[in-house]
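In what follows, a single structure is set out as structure tokens and then discussed.
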Amino acid sequence: MNILKDKVILLTGGTGSFGKKFTDLVLRGYNPKALRIFSRDEKKQYDIEKRFREEGLDDKLRLFIGDVRDRERLHRAMTDVDVVVHAAALKQVPTCEYNPIEAVRTNIDGSINVIDVAIDNGIDKVINISTDKAVHPVNLYGATKMTAEKLFIQGNSYAGKTKTKSNCA
């Protein structure tokens with residue numbers, strides 16, 4: 001079953017390691033209507049676009065500069081989207097420990113924005129990709145990822161038709 005065929009997909013954090021592989025797989029094998037890459041990294045977006053243009057796979061690729069902390073930009077990016085895959089996060093433990101407020105703003109507040117905007121836009125499916133599981137976190141990074149996962153699960157209580165889910169990659 002191909003749940004991505006003919007769908008408009010928004011991928012937050014689309015220029016990270018997961019995002020690049022996801023983009024490659026989706027464009028080559030799932031025939032989406034469009035794949036929107038949402039990332040604050042202009043250079044990495046340029047590199048992705050160039051790579052897929054050279055391979056003739058860029059006709060369905062859309063690039064959105066933005067940050068999950070920016071609710072208004074997320075709202076614009078989610079207009080007419082069917083599926084959201086949320087992979088944006090700060091992931092380096094030392095960076096998060098040294099910059100705890102930034103980790104909270106991206107990993108928790110950004111996740112809240114994704115959930116709220118998806119619900120407001122009536123998005124069919126929202127999937128949180130978490131590459132790390134933190135059942136009993138011992139550092140701030142783990143605590144932010146655990147909190148984000150719990151928020152996505154709880155999002156179903158408020159979602160109406162939107163279904164939120166947290167998956168471990």
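In the structure tokens, chains take letters A, B, ... by order of appearance, with residues numbered from 1 within each chain and ligands from 1 in the order shown.
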Could you produce a table of the residues of range 84-136 of chain A lying within 12 Å of range 15-32 of chain A, with the nearest pair of atoms per residue and their separation in Å rounded to one decimal, using only C-alpha atoms, ordered by chain and increasing residue number, as CSV?
residue,atom,partner,partner_atom,distance
A:Val85,CA,A:Gly19,CA,9.3
A:His86,CA,A:Gly19,CA,9.4
A:Ala87,CA,A:Gly19,CA,7.1
A:Ala88,CA,A:Gly16,CA,7.9
A:Ala89,CA,A:Gly16,CA,9.4
A:Leu90,CA,A:Gly16,CA,10.4
A:Lys91,CA,A:Gly16,CA,10.3
A:Asn128,CA,A:Phe18,CA,12.0
A:Ile129,CA,A:Phe18,CA,8.8
A:Ser130,CA,A:Phe18,CA,10.0
A:Thr131,CA,A:Phe18,CA,8.8
Put those residues in a file: N, CA and C atoms, as a JSON list (two decimals), in the first residue's frame.
[["chain", "number", "residue", "atom", "x", "y", "z"],
["A", 85, "VAL", "N", 5.77, 14.82, 7.63],
["A", 85, "VAL", "CA", 6.78, 14.00, 8.29],
["A", 85, "VAL", "C", 7.69, 15.00, 9.00],
["A", 86, "HIS", "N", 7.70, 14.92, 10.33],
["A", 86, "HIS", "CA", 8.44, 15.88, 11.15],
["A", 86, "HIS", "C", 9.76, 15.26, 11.61],
["A", 87, "ALA", "N", 10.85, 15.73, 10.98],
["A", 87, "ALA", "CA", 12.18, 15.24, 11.33],
["A", 87, "ALA", "C", 13.09, 16.36, 11.84],
["A", 88, "ALA", "N", 12.58, 17.58, 11.92],
["A", 88, "ALA", "CA", 13.40, 18.71, 12.37],
["A", 88, "ALA", "C", 13.65, 18.62, 13.87],
["A", 89, "ALA", "N", 14.90, 18.72, 14.25],
["A", 89, "ALA", "CA", 15.25, 18.71, 15.68],
["A", 89, "ALA", "C", 16.73, 19.05, 15.83],
["A", 90, "LEU", "N", 17.06, 19.58, 16.99],
["A", 90, "LEU", "CA", 18.46, 19.66, 17.38],
["A", 90, "LEU", "C", 18.81, 18.29, 17.94],
["A", 91, "LYS", "N", 19.92, 17.70, 17.49],
["A", 91, "LYS", "CA", 20.20, 16.31, 17.82],
["A", 91, "LYS", "C", 21.56, 16.06, 18.48],
["A", 128, "ASN", "N", 5.96, 11.93, 13.50],
["A", 128, "ASN", "CA", 7.18, 12.45, 14.12],
["A", 128, "ASN", "C", 8.25, 11.37, 14.01],
["A", 129, "ILE", "N", 9.35, 11.73, 13.38],
["A", 129, "ILE", "CA", 10.47, 10.79, 13.28],
["A", 129, "ILE", "C", 11.42, 11.10, 14.42],
["A", 130, "SER", "N", 11.65, 10.12, 15.25],
["A", 130, "SER", "CA", 12.57, 10.30, 16.36],
["A", 130, "SER", "C", 13.67, 9.25, 16.22],
["A", 131, "THR", "N", 14.86, 9.71, 15.97],
["A", 131, "THR", "CA", 15.97, 8.78, 15.77],
["A", 131, "THR", "C", 16.55, 8.29, 17.09]]
*strand (DSSP E) positions in range 3-167 of chain A, given as an NGL selection string*: :A and (8-12 or 34-39 or 61-65 or 83-86 or 125-130 or 163-167)
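The spacing separating CA of Val84 in chain A from CA of Thr12 in chain A amounts to 7.7 Å.
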*Quick one: distance from CA of Ile127 in chain A to CA of Gly155 in chain A in Å, one decimal?*
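Between these atoms lies a distance of 11.0 Å.
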*Point out the residue among A:Val8, A:Thr144, A:Val126, A:Asp120 with the least atom-to-atom distance to His75 in chain A, counting only C-alpha atoms.*
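Comparing A:Val8, A:Thr144, A:Val126, A:Asp120 against His75 in chain A, the winner is A:Asp120.
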